[in-house]
>>> print(open('my_file_3.cif').read())   # mmCIF, C-alpha atoms and all ligand atoms
data_data
#
loop_
_atom_site.label_atom_id
_atom_site.label_comp_id
_atom_site.auth_asym_id
_atom_site.auth_seq_id
_atom_site.Cartn_x
_atom_site.Cartn_y
_atom_site.Cartn_z
CA MET M 199 35.29 -109.20 -68.13
CA CYS M 200 33.66 -112.64 -68.16
CA ALA M 201 35.81 -115.60 -69.13
CA LEU M 202 35.68 -116.33 -72.84
CA ARG M 203 35.92 -119.91 -74.02
CA ILE M 204 37.67 -121.30 -77.08
CA THR M 205 35.11 -122.86 -79.39
CA ASN M 206 37.10 -123.89 -82.46
CA VAL M 207 40.60 -124.71 -83.73
CA GLN M 208 41.07 -124.94 -87.50
CA VAL M 209 44.05 -125.78 -89.68
CA CYS M 210 44.09 -123.49 -92.73
CA SER M 211 46.05 -122.58 -95.81
CA LEU M 212 46.72 -118.91 -96.52
CA GLU M 213 46.02 -117.62 -100.00
CA VAL M 214 47.10 -114.03 -100.36
CA PRO M 215 45.54 -112.25 -103.38
CA PRO M 216 47.94 -111.79 -106.31
CA ALA M 217 49.89 -108.59 -106.65
CA ALA M 218 48.29 -105.71 -108.47
CA GLU M 219 51.58 -104.57 -109.96
CA GLU M 220 54.97 -105.93 -110.79
CA GLY M 221 57.90 -105.14 -108.52
CA PRO M 222 61.62 -104.80 -109.26
CA GLU M 223 63.44 -107.72 -110.79
CA PRO M 224 66.41 -109.46 -109.11
CA THR M 225 69.82 -108.29 -110.22
CA ALA M 226 71.59 -111.51 -109.22
CA PRO M 227 70.63 -115.05 -108.21
CA LEU M 228 69.73 -115.69 -104.56
CA TRP M 229 72.77 -116.56 -102.45
CA GLY M 230 71.00 -119.73 -101.31
CA ASN M 231 71.96 -121.38 -104.59
CA MET M 232 75.63 -121.45 -103.52
CA LYS M 233 77.30 -124.69 -102.47
CA GLN M 234 76.85 -125.12 -98.74
CA GLY M 235 78.19 -127.72 -96.37
CA HIS M 236 75.49 -130.11 -95.16
CA PRO M 237 75.41 -133.00 -92.65
CA MET M 238 74.20 -135.21 -95.53
CA ASP M 239 77.64 -134.75 -97.16
CA ARG M 240 78.42 -137.95 -95.23
CA PHE M 241 76.70 -139.86 -98.03
CA SER M 242 77.56 -140.08 -101.69
CA GLU M 243 73.90 -139.90 -102.74
CA PRO M 244 72.50 -136.51 -103.70
CA PRO M 245 71.07 -134.96 -100.51
CA ARG M 246 67.37 -135.34 -99.88
CA TYR M 247 66.08 -133.37 -96.96
CA GLY M 248 63.56 -130.80 -95.92
CA SER M 249 60.34 -130.43 -94.01
CA PRO M 250 57.37 -132.70 -94.67
CA GLY M 251 55.10 -130.05 -96.13
CA GLY M 252 55.12 -126.26 -96.06
CA LEU M 253 53.56 -123.67 -93.80
CA ILE M 254 50.11 -124.20 -92.34
CA TRP M 255 48.07 -121.71 -90.36
CA VAL M 256 46.03 -122.37 -87.24
CA LYS M 257 42.98 -120.29 -86.43
CA VAL M 258 41.70 -120.38 -82.85
CA THR M 259 38.20 -118.92 -82.44
CA ALA M 260 36.51 -117.72 -79.24
CA GLU M 261 32.83 -117.94 -78.40
CA ASN M 262 32.37 -114.24 -79.26
CA GLY M 263 33.65 -114.85 -82.80
CA MET M 264 37.09 -113.28 -82.31
CA TRP M 265 39.98 -115.31 -83.72
CA GLY M 266 43.75 -115.52 -83.48
CA LEU M 267 46.32 -116.93 -85.88
CA GLY M 268 49.53 -118.87 -85.64
CA TYR M 269 51.54 -120.88 -88.11
CA THR M 270 54.07 -123.64 -88.32
CA ASP M 271 56.01 -125.64 -90.88
CA SER M 272 56.10 -129.35 -91.80
CA GLY M 273 52.41 -128.91 -92.49
CA SER M 274 51.51 -132.34 -93.80
CA VAL M 275 52.51 -133.90 -90.46
CA THR M 276 51.85 -131.07 -88.01
CA SER M 277 48.31 -130.61 -89.33
CA VAL M 278 47.55 -134.26 -88.47
CA LEU M 279 49.00 -133.83 -84.96
CA ILE M 280 46.92 -130.70 -84.42
CA LYS M 281 43.70 -132.27 -85.65
CA GLU M 282 44.12 -135.73 -84.10
CA SER M 283 45.72 -134.82 -80.79
CA LEU M 284 45.99 -131.14 -79.79
CA MET M 285 42.74 -129.59 -80.94
CA SER M 286 40.51 -131.46 -78.49
CA LEU M 287 42.73 -130.36 -75.58
CA ILE M 288 42.25 -126.68 -76.40
CA ILE M 289 38.58 -126.43 -77.32
CA GLY M 290 36.62 -125.36 -74.24
CA GLN M 291 39.61 -123.76 -72.49
CA GLU M 292 39.56 -120.15 -71.34
CA VAL M 293 40.95 -117.52 -73.72
CA GLY M 294 44.11 -116.11 -72.12
CA ALA M 295 44.88 -119.23 -70.07
CA ILE M 296 47.93 -119.72 -72.25
CA ASP M 297 50.24 -121.47 -69.78
CA ARG M 298 47.47 -123.92 -68.92
CA CYS M 299 46.83 -124.62 -72.62
CA ASN M 300 50.55 -125.21 -73.17
CA ASP M 301 50.74 -127.60 -70.22
CA LEU M 302 47.73 -129.49 -71.56
CA MET M 303 49.49 -129.91 -74.91
CA TRP M 304 52.87 -130.93 -73.41
CA TYR M 305 51.38 -133.38 -70.93
CA GLY M 306 48.92 -134.68 -73.51
CA THR M 307 51.69 -135.61 -75.95
CA LEU M 308 54.18 -137.07 -73.45
CA SER M 309 53.60 -140.66 -74.46
CA PHE M 310 54.57 -140.19 -78.11
CA GLY M 311 57.14 -137.44 -77.61
CA ASN M 312 57.17 -133.68 -77.07
CA GLU M 313 60.11 -132.94 -79.32
CA GLY M 314 60.46 -132.48 -83.06
CA LEU M 315 57.27 -132.29 -85.06
CA THR M 316 55.09 -132.36 -81.93
CA ALA M 317 56.75 -129.15 -80.75
CA ARG M 318 56.18 -127.57 -84.17
CA ALA M 319 52.49 -128.45 -83.94
CA VAL M 320 52.20 -127.06 -80.41
CA ALA M 321 53.85 -123.84 -81.60
CA ALA M 322 51.12 -123.06 -84.12
CA ILE M 323 48.38 -123.28 -81.50
CA ASP M 324 50.41 -121.39 -78.91
CA LEU M 325 50.98 -118.49 -81.34
CA ALA M 326 47.26 -118.37 -82.16
CA LEU M 327 46.42 -118.27 -78.44
CA TRP M 328 48.64 -115.22 -77.92
CA ASP M 329 47.24 -113.50 -81.01
CA LEU M 330 43.66 -114.10 -79.86
CA TRP M 331 44.35 -112.90 -76.32
CA GLY M 332 45.98 -109.73 -77.64
CA LYS M 333 43.04 -109.02 -79.91
CA VAL M 334 40.56 -109.55 -77.06
CA LEU M 335 42.50 -107.16 -74.80
CA GLU M 336 43.28 -104.82 -77.74
CA GLN M 337 46.98 -104.92 -76.87
CA PRO M 338 50.11 -105.94 -78.78
CA VAL M 339 51.47 -109.31 -77.68
CA TYR M 340 54.83 -107.84 -76.60
CA ARG M 341 52.96 -105.93 -73.89
CA LEU M 342 51.10 -109.01 -72.64
CA ALA M 343 54.43 -110.84 -72.51
CA GLY M 344 56.05 -108.31 -70.17
CA GLY M 345 57.46 -105.80 -72.62
CA PRO M 346 58.42 -103.70 -74.26
CA ALA M 347 61.93 -104.31 -73.05
CA ARG M 348 63.21 -101.92 -75.75
CA GLN M 349 61.84 -99.50 -78.31
CA SER M 350 63.79 -100.82 -81.26
CA MET M 351 65.73 -103.97 -82.07
CA GLU M 352 69.19 -104.38 -83.58
CA VAL M 353 69.07 -106.72 -86.56
CA TYR M 354 71.73 -108.83 -88.21
CA VAL M 355 71.29 -110.24 -91.68
CA THR M 356 71.96 -113.84 -92.74
CA GLY M 357 73.03 -114.47 -96.31
CA GLN M 358 76.00 -114.35 -98.55
CA ASP M 359 75.13 -111.10 -100.33
CA VAL M 360 77.11 -108.95 -97.92
CA ALA M 361 77.62 -106.05 -100.37
CA TRP M 362 73.87 -105.92 -101.07
CA SER M 363 72.98 -106.14 -97.37
CA LYS M 364 75.44 -103.38 -96.61
CA ARG M 365 73.68 -101.13 -99.12
CA GLN M 366 70.46 -101.86 -97.19
CA GLY M 367 72.05 -100.34 -94.09
CA PHE M 368 73.27 -103.42 -92.21
CA ASN M 369 76.58 -103.69 -90.36
CA LYS M 370 76.11 -107.14 -88.83
CA PHE M 371 76.41 -110.09 -91.20
CA LYS M 372 76.13 -113.82 -90.76
CA ILE M 373 77.57 -115.87 -93.57
CA VAL M 374 77.13 -119.53 -94.36
CA ARG M 375 79.72 -122.33 -94.28
CA PRO M 376 80.78 -123.45 -97.73
CA HIS M 377 82.09 -126.82 -96.50
CA SER M 378 81.44 -129.65 -94.09
CA LYS M 379 83.95 -131.79 -92.21
CA TYR M 380 83.91 -134.28 -95.07
CA ASP M 381 85.89 -131.79 -97.20
CA GLY M 382 88.94 -132.14 -94.93
CA GLN M 383 91.85 -129.72 -95.35
CA ALA M 384 90.43 -128.36 -98.62
CA GLY M 385 87.32 -127.42 -96.66
CA VAL M 386 89.39 -125.55 -94.06
CA ASP M 387 91.28 -123.70 -96.81
CA GLY M 388 88.09 -122.92 -98.74
CA THR M 389 86.39 -121.65 -95.61
CA VAL M 390 89.30 -119.33 -94.80
CA GLU M 391 89.27 -117.98 -98.36
CA MET M 392 85.52 -117.28 -98.17
CA VAL M 393 85.66 -115.70 -94.72
CA ALA M 394 88.55 -113.46 -95.81
CA ARG M 395 86.54 -112.29 -98.83
CA MET M 396 83.47 -111.60 -96.70
CA ARG M 397 85.47 -109.69 -94.07
CA GLU M 398 86.89 -107.54 -96.86
CA LEU M 399 83.36 -106.81 -98.15
CA ALA M 400 81.91 -106.21 -94.68
CA GLY M 401 84.70 -103.88 -93.57
CA PRO M 402 86.85 -103.98 -90.43
CA GLN M 403 84.22 -102.50 -88.09
CA ALA M 404 81.35 -104.80 -89.07
CA GLU M 405 80.28 -107.79 -87.03
CA LEU M 406 80.79 -111.04 -88.89
CA MET M 407 79.67 -114.51 -87.82
CA MET M 408 79.29 -117.88 -89.51
CA ASP M 409 76.48 -120.44 -89.44
CA CYS M 410 77.97 -123.93 -89.55
CA TRP M 411 74.65 -125.85 -89.49
CA MET M 412 75.77 -129.06 -87.76
CA CYS M 413 78.52 -129.66 -90.33
CA TYR M 414 81.55 -130.22 -88.05
CA ASP M 415 82.73 -132.49 -85.27
CA VAL M 416 84.75 -131.19 -82.34
CA ASP M 417 88.14 -131.56 -83.97
CA TYR M 418 87.07 -130.01 -87.29
CA ALA M 419 85.37 -127.16 -85.44
CA VAL M 420 88.62 -126.41 -83.62
CA GLN M 421 90.56 -126.47 -86.91
CA ILE M 422 88.08 -124.09 -88.58
CA CYS M 423 87.87 -121.67 -85.65
CA GLU M 424 91.64 -121.42 -85.31
CA ALA M 425 92.00 -120.92 -89.07
CA VAL M 426 89.45 -118.05 -89.24
CA ARG M 427 90.48 -116.45 -85.94
CA PRO M 428 92.34 -113.56 -87.69
CA TYR M 429 89.00 -112.45 -89.18
CA ARG M 430 87.42 -111.85 -85.73
CA MET M 431 84.22 -113.85 -85.90
CA ARG M 432 81.61 -112.38 -83.57
CA TRP M 433 80.40 -115.92 -82.99
CA MET M 434 80.54 -119.40 -84.56
CA GLU M 435 77.14 -121.03 -84.83
CA GLU M 436 75.82 -124.56 -84.51
CA MET M 437 79.07 -126.31 -85.32
CA LEU M 438 77.91 -129.63 -83.78
CA MET M 439 74.85 -131.85 -83.83
CA PRO M 440 72.19 -130.50 -81.44
CA HIS M 441 72.13 -133.65 -79.28
CA ASP M 442 75.93 -133.85 -78.86
CA PHE M 443 76.21 -132.41 -75.36
CA SER M 444 79.55 -134.00 -74.58
CA GLY M 445 80.80 -132.50 -77.83
CA HIS M 446 79.57 -129.06 -76.78
CA ARG M 447 81.42 -129.52 -73.47
CA ALA M 448 84.63 -130.52 -75.25
CA LEU M 449 84.34 -127.61 -77.66
CA ARG M 450 83.91 -125.17 -74.79
CA GLN M 451 87.11 -126.52 -73.22
CA ARG M 452 89.16 -126.53 -76.43
CA LEU M 453 88.01 -123.06 -77.59
CA PRO M 454 87.77 -120.93 -74.44
CA TRP M 455 88.26 -117.72 -76.47
CA GLN M 456 85.57 -118.41 -79.10
CA THR M 457 82.01 -117.12 -78.68
CA LEU M 458 79.76 -120.15 -79.26
CA ALA M 459 76.15 -119.93 -80.40
CA THR M 460 73.62 -122.66 -81.07
CA GLY M 461 70.09 -123.82 -80.32
CA GLU M 462 67.82 -123.44 -83.35
CA HIS M 463 67.37 -127.22 -83.50
CA TRP M 464 66.78 -127.63 -79.78
CA SER M 465 63.19 -128.69 -79.38
CA THR M 466 61.27 -127.83 -76.18
CA ARG M 467 62.93 -125.80 -73.43
CA TRP M 468 64.84 -128.74 -71.96
CA PRO M 469 68.00 -128.98 -74.12
CA GLY M 470 68.51 -125.23 -73.70
CA ILE M 471 68.11 -125.48 -69.93
CA ARG M 472 70.73 -128.22 -69.86
CA ALA M 473 73.12 -126.07 -71.89
CA ILE M 474 72.55 -123.18 -69.48
CA GLU M 475 73.15 -125.35 -66.42
CA GLU M 476 76.42 -126.64 -67.90
CA ARG M 477 77.33 -123.23 -69.40
CA LEU M 478 78.04 -124.79 -72.78
CA VAL M 479 77.16 -121.82 -75.01
CA ASP M 480 77.30 -118.03 -74.99
CA LEU M 481 74.20 -117.35 -77.07
CA ILE M 482 71.02 -119.44 -77.48
CA GLN M 483 69.25 -119.16 -80.82
CA ALA M 484 65.85 -120.79 -80.34
CA ASP M 485 63.44 -121.00 -83.24
CA LEU M 486 59.92 -120.06 -82.15
CA LEU M 487 58.36 -122.86 -84.19
CA TRP M 488 60.90 -125.60 -83.58
CA ILE M 489 61.18 -125.07 -79.80
CA GLY M 490 57.41 -125.30 -79.41
CA GLY M 491 56.09 -121.75 -79.53
CA PHE M 492 56.21 -118.28 -78.01
CA THR M 493 55.48 -119.56 -74.49
CA GLU M 494 58.11 -122.30 -74.54
CA ALA M 495 60.79 -119.92 -75.80
CA LYS M 496 59.72 -117.38 -73.16
CA LYS M 497 60.24 -119.93 -70.40
CA LEU M 498 63.73 -120.67 -71.72
CA ALA M 499 64.50 -116.94 -72.01
CA HIS M 500 63.82 -116.43 -68.32
CA VAL M 501 66.09 -119.33 -67.32
CA ALA M 502 68.81 -118.02 -69.65
CA ASP M 503 68.44 -114.47 -68.33
CA ALA M 504 68.80 -115.68 -64.74
CA ALA M 505 72.15 -117.21 -65.79
CA GLY M 506 73.24 -114.11 -67.71
CA ILE M 507 73.02 -115.79 -71.11
CA PRO M 508 71.43 -113.87 -74.04
CA MET M 509 69.07 -115.25 -76.63
CA CYS M 510 68.63 -114.32 -80.26
CA LEU M 511 65.82 -116.00 -82.16
CA HIS M 512 66.51 -117.95 -85.30
CA THR M 513 65.08 -115.79 -88.15
CA GLY M 514 63.16 -113.81 -85.52
CA ALA M 515 62.89 -110.62 -87.60
CA ASN M 516 61.29 -112.48 -90.50
CA ASP M 517 57.92 -112.64 -88.81
CA LEU M 518 55.75 -110.71 -86.39
CA PHE M 519 55.85 -113.55 -83.86
CA GLY M 520 59.62 -113.24 -83.47
CA GLN M 521 59.53 -109.45 -83.45
CA HIS M 522 56.99 -109.38 -80.61
CA TRP M 523 58.93 -111.98 -78.64
CA THR M 524 62.21 -110.13 -79.04
CA ALA M 525 60.61 -106.81 -78.11
CA ALA M 526 59.31 -108.35 -74.88
CA MET M 527 62.17 -110.49 -73.57
CA PRO M 528 64.82 -108.95 -71.32
CA ASN M 529 67.89 -110.77 -72.71
CA THR M 530 67.55 -110.33 -76.47
CA PRO M 531 70.16 -107.85 -77.72
CA LEU M 532 69.83 -108.90 -81.36
CA ILE M 533 67.38 -110.36 -83.84
CA GLU M 534 68.12 -112.27 -87.06
CA PHE M 535 66.79 -111.36 -90.50
CA PHE M 536 67.19 -114.16 -93.02
CA GLN M 537 67.67 -112.77 -96.52
CA GLY M 538 65.22 -114.94 -98.44
CA LEU M 539 65.00 -112.86 -101.61
CA PRO M 540 67.72 -112.15 -104.18
CA PRO M 541 69.67 -108.90 -104.56
CA GLY M 542 67.72 -106.21 -106.39
CA ILE M 543 64.56 -106.67 -104.32
CA PRO M 544 64.84 -104.16 -101.47
CA PHE M 545 64.29 -105.51 -97.98
CA ASP M 546 61.55 -102.95 -97.33
CA ILE M 547 59.19 -104.65 -99.76
CA THR M 548 59.89 -108.19 -98.65
CA GLY M 549 57.60 -108.00 -95.64
CA MET M 550 54.41 -108.63 -97.50
CA ALA M 551 53.04 -105.27 -96.43
CA SER M 552 52.00 -105.38 -100.07
CA PRO M 553 50.63 -108.57 -101.60
CA TYR M 554 53.38 -108.20 -104.23
CA ALA M 555 55.99 -109.52 -101.88
CA SER M 556 53.98 -112.60 -100.93
CA ALA M 557 54.37 -113.91 -104.43
CA ARG M 558 58.12 -113.85 -103.89
CA GLN M 559 57.88 -116.26 -100.98
CA ALA M 560 60.21 -114.41 -98.68
CA TYR M 561 61.34 -116.75 -95.94
CA ARG M 562 58.42 -117.24 -93.53
CA MET M 563 57.28 -113.60 -93.79
CA PRO M 564 53.55 -113.21 -93.14
CA PRO M 565 51.56 -110.22 -94.44
CA GLY M 566 52.07 -107.16 -92.29
CA THR M 567 55.59 -107.98 -91.10
CA PRO M 568 57.70 -104.79 -90.85
CA THR M 569 61.11 -105.16 -92.45
CA PRO M 570 64.40 -103.87 -91.06
CA VAL M 571 65.46 -100.36 -91.98
CA GLU M 572 69.11 -99.40 -91.52
CA GLY M 573 69.67 -102.57 -89.50
CA LYS M 574 66.84 -101.97 -87.02
CA VAL M 575 63.17 -102.80 -86.53
CA GLY M 576 60.89 -100.83 -84.26
CA LEU M 577 58.12 -102.10 -82.01
CA PRO M 578 55.78 -104.28 -84.09
CA PRO M 579 52.10 -103.45 -84.56
CA GLY M 580 49.12 -104.91 -82.68
CA PRO M 581 46.62 -105.78 -81.47
CA GLY M 582 47.71 -109.38 -81.03
CA PHE M 583 50.64 -109.93 -83.39
CA GLY M 584 49.34 -107.31 -85.83
CA LEU M 585 49.11 -109.69 -88.78
CA ALA M 586 47.58 -108.07 -91.89
CA ILE M 587 45.58 -111.13 -92.93
CA ALA M 588 41.93 -110.97 -93.98
CA GLU M 589 39.72 -113.80 -92.79
CA GLU M 590 38.72 -114.66 -96.36
CA TRP M 591 42.38 -115.39 -97.25
CA LEU M 592 42.26 -118.43 -94.92
CA GLN M 593 40.99 -121.71 -96.36
CA PRO M 594 40.27 -124.48 -93.84
CA LEU M 595 42.10 -127.73 -94.67
CA ASP M 596 40.06 -130.89 -94.17
MG MG G 601 71.57 -121.17 -87.88
#
>>> encode(input="my_file_3.cif", output="structure tokens")
Amino acid sequence: MCALRITNVQVCSLEVPPAAEEGPEPTAPLWGNMKQGHPMDRFSEPPRYGSPGGLIWVKVTAENGMWGLGYTDSGSVTSVLIKESLMSLIIGQEVGAIDRCNDLMWYGTLSFGNEGLTARAVAAIDLALWDLWGKVLEQPVYRLAGGPARQSMEVYVTGQDVAWSKRQGFNKFKIVRPHSKYDGQAGVDGTVEMVARMRELAGPQAELMMDCWMCYDVDYAVQICEAVRPYRMRWMEEMLMPHDFSGHRALRQRLPWQTLATGEHWSTRWPGIRAIEERLVDLIQADLLWIGGFTEAKKLAHVADAAGIPMCLHTGANDLFGQHWTAAMPNTPLIEFFQGLPPGIPFDITGMASPYASARQAYRMPPGTPTPVEGKVGLPPGPGFGLAIAEEWLQPLD
């Protein structure tokens, strides 16, 4: 096969046609409306936070007309980075030379910073490169990436609707912290009360973990972990700020019995590699977009695997990109499904296999994403990532 060249990179919006029919109505509000602890609790002002802009799609086209798709968030900034900086590095490169394209993007953005929104921009192009290469070779991406490492993936669900998730066949539940360190002793007591209630709902055999989303410091994390220890938390997640490496070291020393997970806000492979070298965590939870793409997370997975540390992608089961990655990597025993729709809407219609679900804006779920059944997902479809997106649904953004 002759080398194919990349001839175009476009930033697009995705407009899925409206649903032909109405689906079931929610039976309760989405859990996400509950009070959650937040790092911005430090301030008395109402919290203002979030990404600058929503999802954008990137379409990479080859000289034979074939195209691949990726996406990322923070679209109003990442689209500028892609158009002004990354696009010119990729056009003219060989289809399938994915490591080289990644190196071009990382080296080409060194002077203004690889981390944060740059990494999110790189991710969109990297995903599109894998999708295109898979389509050209007529293979699913998990096979190009060295898999499949397994035929089906164990899924845990994140959300506070444990009874509803249980009815959907799950037995692994991650709940969300109701308090931050600014709530003091009342926050410890309130957290214990909530965890006790969730353990009761989940049952004694279920796995239960809690996402603490950067809301504690070392001392508060120790207080919380000791207080909820009777409820056997499978892990405690992201208790500290992502950059607080000395804090992670202190936490490891003060809680030798507690399984510690973190990493969704680590950008590029480097913070994760440092945590592996210093053995600061037991589970690394990279986000495919925020770390900088499929390739960047793959590089980290191999370093982690060499050290005997597993990885579990942040919201990996919510999209085909994460499902392919998890199917291919050797050290990925679990995958997360973020419950982005309220109770009453079954998980099996949230994957936008039908356009109906797209109108519901399930968290990050692109058309064609298989949803978990009985707490598992099988090997995802191909070729490429197997996205069920028609070319006419993509509108280039100027
Ligand atoms: Mg998390």
>>> residues_near_ligand(input="my_file_3.cif", ligand="ligand MG 601 (chain G)", cutoff="9 Å", atoms="only C-alpha atoms and all ligand atoms", output="PyMOL selection string")
chain M and resi 356+374+408-412+435-436+459-463+483+512-513
>>> closest_residue(input="my_file_3.cif", among="M:Ile254, M:Ala505, M:Leu330, M:Leu228", to="Ile543 of chain M", atoms="only C-alpha atoms")
M:Leu228
>>> closest_residue(input="my_file_3.cif", among="M:Pro250, M:Pro402, M:Pro528, M:Gly306", to="Ser283 of chain M", atoms="all atoms listed in the file")
M:Gly306
>>> atom_distance(input="my_file_3.cif", atom1="atom CA of Val386 of chain M", atom2="atom CA of Glu476 of chain M")
29.2 Å
>>> residues_around(input="my_file_3.cif", residues="Ala525 of chain M", least_positions_apart="2", cutoff="12 Å", atoms="only C-alpha atoms", output="PyMOL selection string")
chain M and resi 338-353+496+510-511+514-515+518-523+527-533+574-579+583
>>> closest_residue(input="my_file_3.cif", among="M:Ala394, M:Leu449, M:Val209, M:Met264", to="Gly332 of chain M", atoms="all atoms listed in the file")
M:Met264
>>> atom_distance(input="my_file_3.cif", atom1="atom CA of Met407 of chain M", atom2="atom CA of Met434 of chain M")
5.9 Å
>>> closest_residue(input="my_file_3.cif", among="M:Met431, M:Ala260, M:Leu438, M:Leu539", to="Thr205 of chain M", atoms="only C-alpha atoms")
M:Ala260
>>> closest_residue(input="my_file_3.cif", among="M:Gly490, M:Gly582, M:Pro376, M:Pro540", to="Ala321 of chain M", atoms="all atoms listed in the file")
M:Gly490
>>> closest_residue(input="my_file_3.cif", among="M:Pro508, M:Pro594, M:Gly580, M:Gly251", to="Val334 of chain M", atoms="all atoms listed in the file")
M:Gly580
>>> residues_around(input="my_file_3.cif", residues="segment 364-370 of chain M", least_positions_apart="3", cutoff="8 Å", atoms="only C-alpha atoms", output="list of chain:residue names")
M:Val353, M:Tyr354, M:Val355, M:Val360, M:Ala361, M:Ala400, M:Ala404, M:Glu405, M:Leu406, M:Pro544, M:Phe545, M:Val571, M:Glu572, M:Gly573
>>> residues_around(input="my_file_3.cif", residues="Leu302 of chain M", least_positions_apart="5", cutoff="12 Å", atoms="all atoms listed in the file", output="list in words")
Ser283, Leu284, Met285, Ser286, Leu287, Ile288, Ile289, Gln291, Ala295, Ile296, Asp297, Thr307, Leu308, Asn312, Val320, Ile323 and Asp324 of chain M
>>> atom_distance(input="my_file_3.cif", atom1="atom CA of Trp328 of chain M", atom2="atom CA of Arg298 of chain M")
12.6 Å
>>> axis_aligned_box(input="my_file_3.cif", around="segment 299-318 of chain M", padding_each_side="5 Å", output="JSON")
{"center_x": 53.6, "center_y": -132.6, "center_z": -77.6, "size_x": 23.6, "size_y": 26.0, "size_z": 24.8}
>>> residues_around(input="my_file_3.cif", residues="Gln456 of chain M", least_positions_apart="2", cutoff="10 Å", atoms="all atoms listed in the file", output="list in words")
Val420, Cys423, Glu424, Arg427, Arg430, Met431, Arg432, Trp433, Met434, Leu449, Arg450, Arg452, Leu453, Pro454, Leu458, Ala459, Val479 and Asp480 of chain M
>>> residues_around(input="my_file_3.cif", residues="Gly314 of chain M", least_positions_apart="3", cutoff="10 Å", atoms="only C-alpha atoms", output="VMD selection string")
chain M and resid 311 317 to 319 463 to 466 487 to 490
>>> build_atoms(input="my_file_3.cif", residues="segment 372-386 of chain M", atoms="N, CA and C atoms", output="PDB file, in the frame of the given file")
ATOM      1  N   LYS M 372      75.819-112.410 -91.003  1.00  0.00           N
ATOM      2  CA  LYS M 372      76.130-113.820 -90.760  1.00  0.00           C
ATOM      3  C   LYS M 372      76.215-114.530 -92.103  1.00  0.00           C
ATOM      4  N   ILE M 373      77.334-115.172 -92.317  1.00  0.00           N
ATOM      5  CA  ILE M 373      77.570-115.870 -93.570  1.00  0.00           C
ATOM      6  C   ILE M 373      77.417-117.370 -93.340  1.00  0.00           C
ATOM      7  N   VAL M 374      77.477-118.117 -94.413  1.00  0.00           N
ATOM      8  CA  VAL M 374      77.130-119.530 -94.360  1.00  0.00           C
ATOM      9  C   VAL M 374      78.332-120.379 -94.753  1.00  0.00           C
ATOM     10  N   ARG M 375      78.539-121.481 -94.016  1.00  0.00           N
ATOM     11  CA  ARG M 375      79.720-122.330 -94.280  1.00  0.00           C
ATOM     12  C   ARG M 375      79.647-122.920 -95.690  1.00  0.00           C
ATOM     13  N   PRO M 376      80.769-122.843 -96.402  1.00  0.00           N
ATOM     14  CA  PRO M 376      80.780-123.450 -97.730  1.00  0.00           C
ATOM     15  C   PRO M 376      81.102-124.950 -97.692  1.00  0.00           C
ATOM     16  N   HIS M 377      81.603-125.429 -96.553  1.00  0.00           N
ATOM     17  CA  HIS M 377      82.090-126.820 -96.500  1.00  0.00           C
ATOM     18  C   HIS M 377      81.624-127.508 -95.223  1.00  0.00           C
ATOM     19  N   SER M 378      81.655-128.836 -95.288  1.00  0.00           N
ATOM     20  CA  SER M 378      81.440-129.650 -94.090  1.00  0.00           C
ATOM     21  C   SER M 378      82.746-130.362 -93.754  1.00  0.00           C
ATOM     22  N   LYS M 379      82.727-131.103 -92.645  1.00  0.00           N
ATOM     23  CA  LYS M 379      83.950-131.790 -92.210  1.00  0.00           C
ATOM     24  C   LYS M 379      84.430-132.812 -93.231  1.00  0.00           C
ATOM     25  N   TYR M 380      83.531-133.251 -94.091  1.00  0.00           N
ATOM     26  CA  TYR M 380      83.910-134.280 -95.070  1.00  0.00           C
ATOM     27  C   TYR M 380      84.829-133.724 -96.160  1.00  0.00           C
ATOM     28  N   ASP M 381      84.989-132.405 -96.215  1.00  0.00           N
ATOM     29  CA  ASP M 381      85.890-131.790 -97.200  1.00  0.00           C
ATOM     30  C   ASP M 381      87.328-131.684 -96.689  1.00  0.00           C
ATOM     31  N   GLY M 382      87.573-132.059 -95.441  1.00  0.00           N
ATOM     32  CA  GLY M 382      88.940-132.140 -94.930  1.00  0.00           C
ATOM     33  C   GLY M 382      89.697-130.813 -95.019  1.00  0.00           C
ATOM     34  N   GLN M 383      90.998-130.914 -95.302  1.00  0.00           N
ATOM     35  CA  GLN M 383      91.850-129.720 -95.350  1.00  0.00           C
ATOM     36  C   GLN M 383      91.398-128.742 -96.432  1.00  0.00           C
ATOM     37  N   ALA M 384      90.922-129.263 -97.560  1.00  0.00           N
ATOM     38  CA  ALA M 384      90.430-128.360 -98.620  1.00  0.00           C
ATOM     39  C   ALA M 384      89.250-127.549 -98.108  1.00  0.00           C
ATOM     40  N   GLY M 385      88.444-128.144 -97.242  1.00  0.00           N
ATOM     41  CA  GLY M 385      87.320-127.420 -96.660  1.00  0.00           C
ATOM     42  C   GLY M 385      87.771-126.316 -95.722  1.00  0.00           C
ATOM     43  N   VAL M 386      88.829-126.590 -94.941  1.00  0.00           N
ATOM     44  CA  VAL M 386      89.390-125.550 -94.060  1.00  0.00           C
ATOM     45  C   VAL M 386      89.916-124.403 -94.916  1.00  0.00           C
TER      46      VAL M 386
END
